$ cat entry.pdb   # PDB, C-alpha atoms
ATOM      1  CA  MET A   1      18.346  -9.508 -35.577
ATOM      2  CA  LYS A   2      19.945  -9.362 -38.985
ATOM      3  CA  ILE A   3      17.771  -7.008 -41.036
ATOM      4  CA  LEU A   4      17.901  -6.611 -44.812
ATOM      5  CA  ILE A   5      17.244  -2.995 -45.789
ATOM      6  CA  THR A   6      16.619  -2.389 -49.479
ATOM      7  CA  GLY A   7      17.346   1.133 -50.667
ATOM      8  CA  GLY A   8      19.593   1.744 -47.655
ATOM      9  CA  ALA A   9      21.687   4.283 -49.570
ATOM     10  CA  GLY A  10      18.664   6.536 -50.097
ATOM     11  CA  TYR A  11      16.952   9.165 -47.984
ATOM     12  CA  ILE A  12      14.502   7.150 -45.874
ATOM     13  CA  GLY A  13      16.409   3.871 -46.063
ATOM     14  CA  SER A  14      19.576   5.458 -44.662
ATOM     15  CA  HIS A  15      17.637   6.645 -41.617
ATOM     16  CA  ALA A  16      16.386   3.082 -41.120
ATOM     17  CA  VAL A  17      19.975   1.804 -41.261
ATOM     18  CA  TYR A  18      21.006   4.379 -38.652
ATOM     19  CA  LYS A  19      18.156   3.394 -36.336
ATOM     20  CA  ALA A  20      18.699  -0.357 -36.763
ATOM     21  CA  CYS A  21      22.416  -0.109 -35.998
ATOM     22  CA  SER A  22      21.783   2.213 -33.055
ATOM     23  CA  ASP A  23      19.403  -0.397 -31.640
ATOM     24  CA  GLY A  24      22.073  -3.109 -31.909
ATOM     25  CA  HIS A  25      20.877  -4.964 -35.007
ATOM     26  CA  ASP A  26      23.135  -6.158 -37.817
ATOM     27  CA  VAL A  27      22.180  -4.681 -41.177
ATOM     28  CA  VAL A  28      22.497  -5.964 -44.732
ATOM     29  CA  ILE A  29      21.992  -3.163 -47.257
ATOM     30  CA  VAL A  30      20.953  -3.794 -50.851
ATOM     31  CA  ASP A  31      21.116  -0.822 -53.212
ATOM     32  CA  ASN A  32      21.904  -0.407 -56.909
ATOM     33  CA  PHE A  33      22.665   3.343 -56.663
ATOM     34  CA  LEU A  34      19.918   4.158 -59.138
ATOM     35  CA  ARG A  35      18.922   6.902 -56.680
ATOM     36  CA  GLY A  36      21.131   6.126 -53.664
ATOM     37  CA  PHE A  37      24.645   7.345 -52.834
ATOM     38  CA  ARG A  38      27.911   5.503 -52.236
ATOM     39  CA  GLU A  39      29.142   8.124 -49.781
ATOM     40  CA  CYS A  40      26.051   7.456 -47.655
ATOM     41  CA  ILE A  41      27.048   3.781 -47.306
ATOM     42  CA  GLU A  42      30.631   4.753 -46.488
ATOM     43  CA  THR A  43      29.477   7.188 -43.797
ATOM     44  CA  LEU A  44      27.092   4.711 -42.183
ATOM     45  CA  SER A  45      29.715   1.940 -42.268
ATOM     46  CA  SER A  46      32.309   4.142 -40.562
ATOM     47  CA  THR A  47      29.724   5.316 -37.994
ATOM     48  CA  PHE A  48      28.788   1.715 -37.140
ATOM     49  CA  PRO A  49      31.917  -0.387 -37.778
ATOM     50  CA  GLY A  50      31.228  -4.094 -38.146
ATOM     51  CA  LYS A  51      27.438  -3.675 -38.175
ATOM     52  CA  ILE A  52      26.775  -3.227 -41.891
ATOM     53  CA  THR A  53      27.247  -5.497 -44.898
ATOM     54  CA  PHE A  54      26.593  -3.897 -48.279
ATOM     55  CA  TYR A  55      25.641  -5.491 -51.605
ATOM     56  CA  ASN A  56      25.450  -3.557 -54.863
ATOM     57  CA  ALA A  57      22.469  -5.476 -56.211
ATOM     58  CA  ASP A  58      19.371  -4.740 -58.279
ATOM     59  CA  LEU A  59      15.939  -6.046 -57.290
ATOM     60  CA  ARG A  60      15.042  -6.295 -60.962
ATOM     61  CA  LYS A  61      17.662  -9.053 -61.292
ATOM     62  CA  LYS A  62      16.512 -11.953 -59.151
ATOM     63  CA  GLU A  63      19.846 -13.774 -59.372
ATOM     64  CA  GLU A  64      21.571 -10.823 -57.675
ATOM     65  CA  ILE A  65      19.098 -10.906 -54.777
ATOM     66  CA  GLU A  66      19.431 -14.675 -54.397
ATOM     67  CA  LYS A  67      23.197 -14.292 -53.911
ATOM     68  CA  VAL A  68      22.528 -11.987 -50.946
ATOM     69  CA  PHE A  69      20.146 -14.467 -49.300
ATOM     70  CA  GLU A  70      22.565 -17.336 -49.960
ATOM     71  CA  LYS A  71      25.312 -15.548 -48.041
ATOM     72  CA  GLU A  72      23.296 -13.917 -45.252
ATOM     73  CA  LYS A  73      20.893 -15.374 -42.704
ATOM     74  CA  ILE A  74      18.177 -12.724 -42.900
ATOM     75  CA  ASP A  75      15.568 -12.426 -40.119
ATOM     76  CA  ALA A  76      13.425  -9.637 -41.577
ATOM     77  CA  VAL A  77      13.238  -7.222 -44.510
ATOM     78  CA  LEU A  78      12.582  -3.483 -44.548
ATOM     79  CA  HIS A  79      11.768  -2.713 -48.178
ATOM     80  CA  PHE A  80      12.382   0.933 -49.129
ATOM     81  CA  ALA A  81      13.925   0.587 -52.591
ATOM     82  CA  ALA A  82      11.623   2.360 -55.068
ATOM     83  CA  LEU A  83      11.257   5.253 -57.430
ATOM     84  CA  CYS A  84       8.975   7.834 -55.846
ATOM     85  CA  SER A  85       8.268  10.829 -58.094
ATOM     86  CA  VAL A  86       4.638  11.240 -59.102
ATOM     87  CA  ASN A  87       5.614  13.581 -61.919
ATOM     88  CA  GLU A  88       8.329  11.288 -63.301
ATOM     89  CA  SER A  89       5.950   8.332 -63.208
ATOM     90  CA  MET A  90       3.470  10.233 -65.387
ATOM     91  CA  GLU A  91       6.213  10.661 -67.985
ATOM     92  CA  ASP A  92       7.730   7.148 -67.765
ATOM     93  CA  PRO A  93       5.248   4.657 -66.274
ATOM     94  CA  TYR A  94       7.167   1.596 -67.510
ATOM     95  CA  PHE A  95      10.190   2.591 -65.419
ATOM     96  CA  TYR A  96       7.992   2.657 -62.300
ATOM     97  CA  PHE A  97       6.247  -0.662 -62.880
ATOM     98  CA  GLU A  98       9.518  -2.379 -63.760
ATOM     99  CA  ASN A  99      11.452  -1.017 -60.790
ATOM    100  CA  ASN A 100       8.807  -0.854 -58.073
ATOM    101  CA  THR A 101       6.354  -3.647 -58.879
ATOM    102  CA  TYR A 102       8.574  -6.184 -60.619
ATOM    103  CA  GLY A 103      11.384  -5.555 -58.115
ATOM    104  CA  THR A 104       9.037  -6.248 -55.199
ATOM    105  CA  ALA A 105       7.812  -9.481 -56.815
ATOM    106  CA  ASN A 106      11.407 -10.675 -57.152
ATOM    107  CA  LEU A 107      12.172  -9.828 -53.546
ATOM    108  CA  LEU A 108       9.106 -11.682 -52.270
ATOM    109  CA  ASP A 109       9.879 -14.764 -54.324
ATOM    110  CA  VAL A 110      13.436 -14.890 -52.965
ATOM    111  CA  MET A 111      12.122 -14.416 -49.424
ATOM    112  CA  LYS A 112       9.819 -17.398 -49.975
ATOM    113  CA  LYS A 113      12.689 -19.527 -51.299
ATOM    114  CA  TYR A 114      14.918 -18.784 -48.294
ATOM    115  CA  ASP A 115      12.080 -18.914 -45.728
ATOM    116  CA  VAL A 116      12.293 -15.280 -44.624
ATOM    117  CA  ARG A 117       8.851 -14.586 -43.151
ATOM    118  CA  ASN A 118       8.721 -10.896 -42.201
ATOM    119  CA  ILE A 119       8.611  -7.758 -44.371
ATOM    120  CA  VAL A 120       7.820  -4.108 -43.630
ATOM    121  CA  PHE A 121       6.895  -2.409 -46.901
ATOM    122  CA  SER A 122       7.326   1.271 -47.675
ATOM    123  CA  SER A 123       4.066   2.248 -49.367
ATOM    124  CA  THR A 124       2.398   5.601 -49.918
ATOM    125  CA  CYS A 125      -0.753   7.644 -49.546
ATOM    126  CA  ALA A 126      -0.583   7.956 -53.365
ATOM    127  CA  THR A 127      -2.371   4.575 -53.502
ATOM    128  CA  TYR A 128      -5.549   6.289 -52.296
ATOM    129  CA  GLY A 129      -8.143   7.858 -54.509
ATOM    130  CA  PRO A 130      -9.346  11.455 -54.381
ATOM    131  CA  LYS A 131     -11.314  12.447 -51.314
ATOM    132  CA  GLU A 132     -14.188  14.584 -52.572
ATOM    133  CA  ARG A 133     -16.749  13.922 -49.858
ATOM    134  CA  SER A 134     -16.934  17.408 -48.370
ATOM    135  CA  ASP A 135     -16.871  21.057 -49.318
ATOM    136  CA  ASN A 136     -14.699  21.604 -46.254
ATOM    137  CA  ILE A 137     -11.092  21.140 -47.364
ATOM    138  CA  TYR A 138     -10.066  20.364 -43.779
ATOM    139  CA  ASP A 139     -12.341  17.303 -43.799
ATOM    140  CA  TYR A 140     -10.019  15.324 -46.065
ATOM    141  CA  SER A 141      -8.570  12.923 -43.502
ATOM    142  CA  ILE A 142      -7.673   9.561 -45.073
ATOM    143  CA  ASN A 143      -7.980   6.295 -43.155
ATOM    144  CA  GLU A 144      -6.741   2.846 -44.162
ATOM    145  CA  LEU A 145     -10.160   1.881 -45.566
ATOM    146  CA  ASN A 146     -10.341   4.801 -47.975
ATOM    147  CA  ILE A 147     -10.819   3.684 -51.560
ATOM    148  CA  GLN A 148      -7.572   2.965 -53.403
ATOM    149  CA  LEU A 149      -7.748   4.539 -56.867
ATOM    150  CA  PRO A 150      -4.257   5.883 -57.596
ATOM    151  CA  GLU A 151      -3.997   8.983 -59.761
ATOM    152  CA  SER A 152      -0.464   8.235 -60.974
ATOM    153  CA  PRO A 153       1.618   5.258 -62.152
ATOM    154  CA  TYR A 154       3.738   5.756 -59.027
ATOM    155  CA  GLY A 155       0.722   5.170 -56.775
ATOM    156  CA  GLU A 156      -0.420   2.275 -58.967
ATOM    157  CA  SER A 157       3.031   0.635 -58.838
ATOM    158  CA  LYS A 158       2.896   0.724 -55.042
ATOM    159  CA  LEU A 159      -0.685  -0.553 -54.918
ATOM    160  CA  LEU A 160       0.243  -3.481 -57.152
ATOM    161  CA  SER A 161       3.206  -4.183 -54.862
ATOM    162  CA  GLU A 162       0.813  -4.252 -51.900
ATOM    163  CA  LYS A 163      -1.331  -6.807 -53.745
ATOM    164  CA  GLU A 164       1.728  -8.962 -54.417
ATOM    165  CA  ILE A 165       2.496  -8.895 -50.703
ATOM    166  CA  PHE A 166      -1.077  -9.902 -49.812
ATOM    167  CA  TRP A 167      -0.823 -12.972 -52.067
ATOM    168  CA  PHE A 168       2.568 -14.051 -50.722
ATOM    169  CA  ASN A 169       1.060 -13.789 -47.251
ATOM    170  CA  LYS A 170      -2.032 -15.786 -48.185
ATOM    171  CA  LEU A 171      -0.206 -18.489 -50.142
ATOM    172  CA  PHE A 172       3.135 -18.774 -48.355
ATOM    173  CA  GLY A 173       2.667 -17.256 -44.889
ATOM    174  CA  ILE A 174       4.930 -14.246 -45.275
ATOM    175  CA  ASN A 175       3.974 -11.760 -42.539
ATOM    176  CA  TYR A 176       3.786  -8.135 -43.625
ATOM    177  CA  THR A 177       3.306  -4.629 -42.359
ATOM    178  CA  ILE A 178       2.446  -2.058 -45.011
ATOM    179  CA  LEU A 179       3.088   1.540 -44.033
ATOM    180  CA  ARG A 180       1.462   4.153 -46.250
ATOM    181  CA  TYR A 181       3.532   7.308 -45.891
ATOM    182  CA  PHE A 182       2.317  10.825 -46.190
ATOM    183  CA  ASN A 183       4.844  13.628 -46.930
ATOM    184  CA  VAL A 184       8.232  12.930 -45.368
ATOM    185  CA  CYS A 185      10.440  15.757 -44.124
ATOM    186  CA  GLY A 186      13.440  16.426 -41.911
ATOM    187  CA  ALA A 187      16.810  14.733 -41.424
ATOM    188  CA  GLN A 188      18.642  12.758 -38.757
ATOM    189  CA  GLU A 189      18.832  14.989 -35.690
ATOM    190  CA  ASN A 190      22.641  14.927 -35.446
ATOM    191  CA  GLY A 191      23.040  15.681 -39.148
ATOM    192  CA  ILE A 192      24.747  12.427 -40.148
ATOM    193  CA  VAL A 193      22.193  11.394 -42.814
ATOM    194  CA  GLY A 194      19.618  13.343 -44.783
ATOM    195  CA  ASP A 195      17.997  13.911 -48.176
ATOM    196  CA  SER A 196      20.528  14.216 -51.005
ATOM    197  CA  LYS A 197      18.413  14.302 -54.132
ATOM    198  CA  ARG A 198      19.309  17.337 -56.227
ATOM    199  CA  PRO A 199      16.848  18.940 -56.240
ATOM    200  CA  SER A 200      14.840  17.156 -53.591
ATOM    201  CA  LEU A 201      11.397  15.913 -54.550
ATOM    202  CA  LEU A 202      10.110  17.189 -51.210
ATOM    203  CA  LEU A 203       8.753  20.627 -50.441
ATOM    204  CA  MET A 204      10.295  21.358 -47.054
ATOM    205  CA  GLN A 205      13.745  20.244 -48.166
ATOM    206  CA  ASN A 206      13.654  22.586 -51.153
ATOM    207  CA  ALA A 207      12.319  25.457 -49.051
ATOM    208  CA  VAL A 208      15.192  25.087 -46.560
ATOM    209  CA  ARG A 209      17.670  24.987 -49.467
ATOM    210  CA  GLY A 210      16.103  28.213 -50.662
ATOM    211  CA  ALA A 211      16.394  29.768 -47.209
ATOM    212  CA  LEU A 212      20.093  28.822 -47.025
ATOM    213  CA  GLY A 213      20.782  30.254 -50.479
ATOM    214  CA  ILE A 214      21.832  26.861 -51.870
ATOM    215  CA  GLU A 215      19.344  26.800 -54.722
ATOM    216  CA  PRO A 216      16.540  29.066 -55.965
ATOM    217  CA  PHE A 217      13.178  27.960 -54.614
ATOM    218  CA  LYS A 218      10.348  27.267 -57.043
ATOM    219  CA  LEU A 219       6.720  26.406 -56.439
ATOM    220  CA  THR A 220       5.664  23.429 -58.554
ATOM    221  CA  TYR A 221       1.964  23.027 -57.850
ATOM    222  CA  SER A 222      -1.097  23.782 -59.940
ATOM    223  CA  GLU A 223      -3.602  26.073 -58.241
ATOM    224  CA  VAL A 224      -6.313  24.097 -56.453
ATOM    225  CA  ASP A 225      -9.524  24.795 -54.562
ATOM    226  CA  THR A 226      -8.068  25.341 -51.069
ATOM    227  CA  PRO A 227      -8.091  28.481 -48.910
ATOM    228  CA  ASP A 228      -4.736  29.738 -50.220
ATOM    229  CA  GLY A 229      -4.829  27.927 -53.560
ATOM    230  CA  SER A 230      -2.015  25.524 -52.706
ATOM    231  CA  PRO A 231      -2.294  21.756 -52.061
ATOM    232  CA  ILE A 232      -2.670  20.481 -48.499
ATOM    233  CA  ARG A 233      -0.449  17.657 -47.266
ATOM    234  CA  ASP A 234       0.552  15.873 -44.050
ATOM    235  CA  TYR A 235       4.239  16.379 -43.185
ATOM    236  CA  VAL A 236       5.782  13.615 -41.050
ATOM    237  CA  ASN A 237       9.342  13.716 -39.705
ATOM    238  CA  VAL A 238      11.609  11.025 -41.152
ATOM    239  CA  GLU A 239      12.840   9.851 -37.736
ATOM    240  CA  ASP A 240       9.252   9.538 -36.490
ATOM    241  CA  LEU A 241       8.512   7.559 -39.642
ATOM    242  CA  ILE A 242      11.400   5.171 -38.979
ATOM    243  CA  ASP A 243      10.287   4.717 -35.366
ATOM    244  CA  ALA A 244       6.977   3.458 -36.776
ATOM    245  CA  HIS A 245       8.823   0.845 -38.839
ATOM    246  CA  PHE A 246      10.531  -0.663 -35.835
ATOM    247  CA  LEU A 247       7.366  -0.678 -33.732
ATOM    248  CA  ALA A 248       5.647  -2.458 -36.621
ATOM    249  CA  LEU A 249       8.514  -4.932 -37.020
ATOM    250  CA  ASP A 250       8.504  -5.763 -33.318
ATOM    251  CA  LYS A 251       4.747  -6.393 -33.239
ATOM    252  CA  MET A 252       4.809  -8.438 -36.435
ATOM    253  CA  ILE A 253       7.553 -10.755 -35.212
ATOM    254  CA  ARG A 254       6.152 -11.146 -31.676
ATOM    255  CA  GLN A 255       2.549 -11.712 -32.694
ATOM    256  CA  LYS A 256       3.074 -13.206 -36.187
ATOM    257  CA  THR A 257       0.399 -10.867 -37.519
ATOM    258  CA  SER A 258       0.089  -8.600 -40.535
ATOM    259  CA  GLY A 259      -1.308  -5.091 -40.843
ATOM    260  CA  ILE A 260      -1.627  -1.853 -42.792
ATOM    261  CA  TYR A 261      -1.087   1.594 -41.285
ATOM    262  CA  ASN A 262      -1.041   5.180 -42.425
ATOM    263  CA  VAL A 263       1.960   7.128 -41.134
ATOM    264  CA  GLY A 264       1.309  10.847 -40.809
ATOM    265  CA  THR A 265       0.616  13.482 -38.188
ATOM    266  CA  GLY A 266      -3.138  13.722 -38.728
ATOM    267  CA  LYS A 267      -2.796  17.413 -39.604
ATOM    268  CA  GLY A 268      -2.882  19.094 -42.984
ATOM    269  CA  SER A 269      -0.668  22.041 -43.931
ATOM    270  CA  SER A 270      -0.756  23.810 -47.264
ATOM    271  CA  VAL A 271       2.328  24.280 -49.411
ATOM    272  CA  LEU A 272       2.343  28.021 -48.734
ATOM    273  CA  GLU A 273       1.933  27.476 -44.982
ATOM    274  CA  ILE A 274       5.065  25.286 -44.980
ATOM    275  CA  VAL A 275       7.036  27.805 -47.038
ATOM    276  CA  ASN A 276       6.061  30.618 -44.660
ATOM    277  CA  LYS A 277       6.950  28.434 -41.669
ATOM    278  CA  VAL A 278      10.426  27.791 -43.098
ATOM    279  CA  MET A 279      10.907  31.539 -43.539
ATOM    280  CA  GLU A 280       9.751  32.161 -39.973
ATOM    281  CA  ILE A 281      11.963  29.486 -38.371
ATOM    282  CA  THR A 282      15.091  30.348 -40.366
ATOM    283  CA  GLY A 283      14.512  34.099 -40.136
ATOM    284  CA  THR A 284      15.097  34.334 -43.874
ATOM    285  CA  LYS A 285      12.860  35.683 -46.603
ATOM    286  CA  PHE A 286      13.787  34.109 -49.905
ATOM    287  CA  ASP A 287      12.591  34.691 -53.437
ATOM    288  CA  ILE A 288       9.868  32.407 -54.749
ATOM    289  CA  SER A 289       9.369  31.715 -58.426
ATOM    290  CA  LYS A 290       7.048  29.407 -60.326
ATOM    291  CA  GLY A 291       8.480  26.189 -61.729
ATOM    292  CA  GLU A 292       6.861  23.627 -63.989
ATOM    293  CA  ALA A 293       3.700  22.287 -62.361
ATOM    294  CA  ARG A 294       3.742  18.636 -61.306
ATOM    295  CA  LYS A 295       1.299  16.184 -62.810
ATOM    296  CA  GLY A 296      -1.064  13.803 -61.040
ATOM    297  CA  GLU A 297      -1.179  15.689 -57.745
ATOM    298  CA  ALA A 298      -4.267  15.585 -55.485
ATOM    299  CA  LYS A 299      -5.411  18.827 -53.866
ATOM    300  CA  ALA A 300      -5.563  17.477 -50.299
ATOM    301  CA  LEU A 301      -4.215  14.402 -48.527
ATOM    302  CA  TYR A 302      -3.614  13.966 -44.830
ATOM    303  CA  SER A 303      -3.711  11.010 -42.511
ATOM    304  CA  ASN A 304      -6.165   9.668 -40.031
ATOM    305  CA  THR A 305      -3.764   8.305 -37.383
ATOM    306  CA  GLU A 306      -6.244   6.474 -35.150
ATOM    307  CA  LYS A 307      -5.245   2.949 -36.202
ATOM    308  CA  ILE A 308      -1.465   3.332 -35.853
ATOM    309  CA  VAL A 309      -1.853   5.103 -32.512
ATOM    310  CA  ASN A 310      -4.166   2.428 -31.100
ATOM    311  CA  GLU A 311      -2.438  -0.676 -32.485
ATOM    312  CA  LEU A 312       1.253   0.285 -32.531
ATOM    313  CA  GLY A 313       1.301   2.981 -29.877
ATOM    314  CA  TRP A 314       3.005   5.308 -32.342
ATOM    315  CA  LYS A 315       2.648   9.076 -32.208
ATOM    316  CA  PRO A 316       4.749  11.722 -33.958
ATOM    317  CA  ALA A 317       7.256  13.125 -31.481
ATOM    318  CA  ARG A 318       8.783  15.855 -33.656
ATOM    319  CA  SER A 319       7.257  19.128 -34.832
ATOM    320  CA  ILE A 320       7.500  21.030 -38.115
ATOM    321  CA  GLU A 321      10.043  23.259 -36.370
ATOM    322  CA  ASP A 322      12.137  20.213 -35.397
ATOM    323  CA  SER A 323      12.083  19.028 -39.007
ATOM    324  CA  VAL A 324      13.139  22.412 -40.376
ATOM    325  CA  LYS A 325      15.970  22.722 -37.847
ATOM    326  CA  SER A 326      17.269  19.241 -38.653
ATOM    327  CA  LEU A 327      17.286  20.110 -42.356
ATOM    328  CA  VAL A 328      19.156  23.344 -41.653
ATOM    329  CA  LYS A 329      21.827  21.315 -39.834
ATOM    330  CA  TRP A 330      22.013  18.730 -42.632
ATOM    331  CA  TYR A 331      22.243  21.249 -45.484
ATOM    332  CA  THR A 332      24.628  23.511 -43.571
ATOM    333  CA  ASN A 333      27.035  20.562 -43.257
ATOM    334  CA  ARG A 334      26.320  19.182 -46.732
ATOM    335  CA  PRO A 335      24.754  21.868 -48.924
ATOM    336  CA  ASN A 336      24.847  19.572 -51.955
ATOM    337  CA  GLY A 337      24.160  16.364 -50.048
ATOM    338  CA  TRP A 338      26.293  13.292 -50.663
ATOM    339  CA  LYS A 339      29.054  13.684 -53.243
ATOM    340  CA  GLU A 340      28.221  10.506 -55.117
TER     341      GLU A 340
END
$ encode --input "entry.pdb" --output "structure tokens"
Amino acid sequence: MKILITGGAGYIGSHAVYKACSDGHDVVIVDNFLRGFRECIETLSSTFPGKITFYNADLRKKEEIEKVFEKEKIDAVLHFAALCSVNESMEDPYFYFENNTYGTANLLDVMKKYDVRNIVFSSTCATYGPKERSDNIYDYSINELNIQLPESPYGESKLLSEKEIFWFNKLFGINYTILRYFNVCGAQENGIVGDSKRPSLLLMQNAVRGALGIEPFKLTYSEVDTPDGSPIRDYVNVEDLIDAHFLALDKMIRQKTSGIYNVGTGKGSSVLEIVNKVMEITGTKFDISKGEARKGEAKALYSNTEKIVNELGWKPARSIEDSVKSLVKWYTNRPNGWKE
């Protein structure tokens, strides 16, 4: 197939490009470098010569997207391009609705115009509402039917994008798979691509950077009502996450069906448990200081994986230790990530 990957110069999108090319697909990348990196595109293109076509285009400008579809015969779209900081969205909600929601609407409308019928959408567990049904903090498993009441503009921008997708499916027959991610961690196993945000928005990445002495490590959570006072999350390896995308894409194209799936491990780990695990695996004790607390964060979120296991046959294959070791390899080779 020829697969359009939006946000292919970013953290998760670059792993999708690597997987697609490894599986023999041709890839068209669209990225405006708002958060992606040129060196990432150069590295992927040299790793897979002749497999990648890149367009510097912005989803907020429909005419730029139309030029891509005019030139390329696209079979399916993997849509990763988005802003994804809860805290930033609380400070600048317009930026998130313009980029995430409006950009998705433009993409869908161009897909309709050029009769591209399949999209896998990168969504988030931040679309869900708080889970306050139990005094037991380890009874906070979220399934796909949990109420969606986002607690941040980021989550709302993704929920609105999901609704746009539903309508384009209902009115124009565009098949979709929506994957609601939990916390993503790790890097490509051979160290070719990884997370280059400086600092990363993700806990494990920052903890490994702290362990390697690249950057001081700071805790950025507000104390919550959990056993150790730190929020509980579900940490899924980025390569496992990408495997789920391609299983979803295969099923969607073969069966011409649509679906929504959580992608997580089904296990919750607290922030402090992850930090201690990084110290244990790396054999390094590093200083921990308190940074500015993030806004709009829930105290506990982790996935019920029953639906994705039963319908896609997907299970996480990589452990927390695998994720930490892959990040050590990535940051050892590129302590500051991509240059530009």
$ closest_residue --input "entry.pdb" --among "A:Cys185, A:Leu301, A:Leu201, A:Cys40" --to "Asn262 of chain A" --atoms "all atoms listed in the file"
A:Leu301
$ resolve_selection --input "entry.pdb" --expression "the PyMOL selection byres ((chain A and resi 197) around 9)" --output "VMD selection string"
chain A and resid 10 to 11 35 to 36 195 to 196 198 to 201 336 to 338
$ axis_aligned_box --input "entry.pdb" --around "segment 221-239 of chain A" --padding-each-side "8 Å" --output "AutoDock Vina command-line options"
--center_x 1.7 --center_y 19.8 --center_z -48.8 --size_x 38.4 --size_y 35.9 --size_z 38.2
$ resolve_selection --input "entry.pdb" --expression "the PyMOL selection byres ((chain A and resi 189) around 9)" --output "list in words"
Gly186, Ala187, Gln188, Asn190, Gly191, Ile192, Val193, Glu239, Asp322, Ser323, Lys325, Ser326, Leu327, Lys329 and Trp330 of chain A
$ closest_atom_pairs --input "entry.pdb" --of "segment 145-178 of chain A" --to "segment 84-105 of chain A" --cutoff "8 Å" --atoms "only C-alpha atoms" --output "JSON lines"
{"residue": "A:Ser152", "atom": "CA", "partner": "A:Val86", "partner_atom": "CA", "distance": 6.2}
{"residue": "A:Pro153", "atom": "CA", "partner": "A:Ser89", "partner_atom": "CA", "distance": 5.4}
{"residue": "A:Tyr154", "atom": "CA", "partner": "A:Ser89", "partner_atom": "CA", "distance": 5.4}
{"residue": "A:Gly155", "atom": "CA", "partner": "A:Val86", "partner_atom": "CA", "distance": 7.6}
{"residue": "A:Ser157", "atom": "CA", "partner": "A:Phe97", "partner_atom": "CA", "distance": 5.3}
{"residue": "A:Lys158", "atom": "CA", "partner": "A:Thr101", "partner_atom": "CA", "distance": 6.8}
{"residue": "A:Leu160", "atom": "CA", "partner": "A:Thr101", "partner_atom": "CA", "distance": 6.4}
{"residue": "A:Ser161", "atom": "CA", "partner": "A:Thr101", "partner_atom": "CA", "distance": 5.1}
{"residue": "A:Glu164", "atom": "CA", "partner": "A:Ala105", "partner_atom": "CA", "distance": 6.6}
$ closest_residue --input "entry.pdb" --among "A:Thr265, A:Thr220, A:Thr226, A:Ser141" --to "Val184 of chain A" --atoms "all atoms listed in the file"
A:Thr265
$ residues_around --input "entry.pdb" --residues "Val224 of chain A" --least-positions-apart "2" --cutoff "12 Å" --atoms "only C-alpha atoms" --output "ChimeraX atom specification"
/A:137,221-222,226-232,270-271,293,297-300
$ atom_distance --input "entry.pdb" --atom1 "atom CA of Arg117 of chain A" --atom2 "atom CA of Ser14 of chain A"
22.8 Å
$ atom_distance --input "entry.pdb" --atom1 "atom CA of Ile142 of chain A" --atom2 "atom CA of Ser303 of chain A"
4.9 Å
$ resolve_selection --input "entry.pdb" --expression "the PyMOL selection byres ((chain A and resi 107) around 9)" --output "MDAnalysis selection string"
chainID A and resid 59:60 62 65:66 79 102:106 108:112
$ closest_residue --input "entry.pdb" --among "A:Ala207, A:Ala9, A:Ala126, A:Ile320" --to "Glu151 of chain A" --atoms "all atoms listed in the file"
A:Ala126
$ closest_residue --input "entry.pdb" --among "A:Val208, A:Val238, A:Leu44, A:Leu312" --to "Lys277 of chain A" --atoms "only C-alpha atoms"
A:Val208
$ residues_around --input "entry.pdb" --residues "Lys315 of chain A" --least-positions-apart "2" --cutoff "9 Å" --atoms "only C-alpha atoms" --output "PyMOL selection string"
chain A and resi 240+244+264-265+305+308-309+312-313+317
$ closest_residue --input "entry.pdb" --among "A:Arg209, A:Lys113, A:Lys339, A:Arg180" --to "Thr284 of chain A" --atoms "all atoms listed in the file"
A:Arg209
$ residues_around --input "entry.pdb" --residues "Phe80 of chain A" --least-positions-apart "3" --cutoff "7 Å" --atoms "all atoms listed in the file" --output "list in words"
Thr6, Gly7, Gly13, Phe121 and Ser122 of chain A
$ closest_residue --input "entry.pdb" --among "A:Thr43, A:Ser123, A:Asn32, A:Ser269" --to "Tyr18 of chain A" --atoms "all atoms listed in the file"
A:Thr43
$ atom_distance --input "entry.pdb" --atom1 "atom CA of Thr47 of chain A" --atom2 "atom CA of Glu215 of chain A"
29.1 Å
$ residues_near_point --input "entry.pdb" --point "(11.5, -5.7, -46.5)" --cutoff "7 Å" --atoms "only C-alpha atoms" --output "PDB file with C-alpha atoms, in the frame of the given file"
ATOM      1  CA  LEU A   4      17.901  -6.611 -44.812  1.00  0.00           C
ATOM      2  CA  ILE A   5      17.244  -2.995 -45.789  1.00  0.00           C
ATOM      3  CA  THR A   6      16.619  -2.389 -49.479  1.00  0.00           C
ATOM      4  CA  ALA A  76      13.425  -9.637 -41.577  1.00  0.00           C
ATOM      5  CA  VAL A  77      13.238  -7.222 -44.510  1.00  0.00           C
ATOM      6  CA  LEU A  78      12.582  -3.483 -44.548  1.00  0.00           C
ATOM      7  CA  HIS A  79      11.768  -2.713 -48.178  1.00  0.00           C
ATOM      8  CA  ILE A 119       8.611  -7.758 -44.371  1.00  0.00           C
ATOM      9  CA  VAL A 120       7.820  -4.108 -43.630  1.00  0.00           C
ATOM     10  CA  PHE A 121       6.895  -2.409 -46.901  1.00  0.00           C
TER      11      PHE A 121
END
$ residues_around --input "entry.pdb" --residues "Ile3 of chain A" --least-positions-apart "6" --cutoff "9 Å" --atoms "all atoms listed in the file" --output "list of chain:residue names"
A:Ala20, A:His25, A:Asp26, A:Val27, A:Val28, A:Ile29, A:Ile74, A:Asp75, A:Ala76, A:Val77, A:Leu78
$ residues_near_point --input "entry.pdb" --point "(-12.0, 1.8, -58.7)" --cutoff "12 Å" --atoms "all atoms listed in the file" --output "list in words"
Thr127, Tyr128, Gly129, Pro130, Asn146, Ile147, Gln148, Leu149, Pro150, Glu151 and Glu156 of chain A
